[in-house]
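Take a look at the structure below.
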Amino acid sequence: MPVTTERRGRVLIARLDRPEKRNAMNGEMTRGLDAAMSLLDDDPDSWIGVPDRHGRRVLRGSDLRDALHNSTERGGPTA
């Protein structure tokens, strides 16, 4: 799974993990991040969400090979 979540008290950490593509967002990663943000939005005990990355790679934007699948019901396309 390219996005995992971890709770630390009232903080929800969403960790991006797609190092082979330098964390470029594809459909699976977009859905994972959307699910993490929905957890945050729907849980009154979570006060803040923090994006994080696994390893040394930061978020690089959309994976252009999968750009058509980078939207969800609650959020628009990533750029």
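Every chain in the structure tokens takes a letter, A first, then B, and so on in the order presented; its residues are numbered from 1, and the ligands are numbered from 1 following the presented order.
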Subject >> helix (DSSP H, G or I) per DSSP on the backbone: members of segment 9-48 of chain A, as a ChimeraX atom specification >> reply: /A:19-21,27-42
Subject >> Asp45 of chain A environment, 12 Å, only C-alpha atoms, sequence neighbours closer than 4 positions dropped, as a PyMOL selection string >> reply: chain A and resi 7-12+39-41+49
Original post:
Leaving out segment 14-21 of chain A and any residue of its chain fewer than 6 positions from it, which residues lie within 6 Å of it when counting only C-alpha atoms, given as a list in words?
Top reply: Pro2, Val3, Thr4, Thr5, Pro51, Asp52, Arg53 and His54 of chain A
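Closest to Glu73 of chain A among A:Asp34, A:Gly27, A:Asp43, A:Ile13 is A:Asp34, based on only C-alpha atoms.
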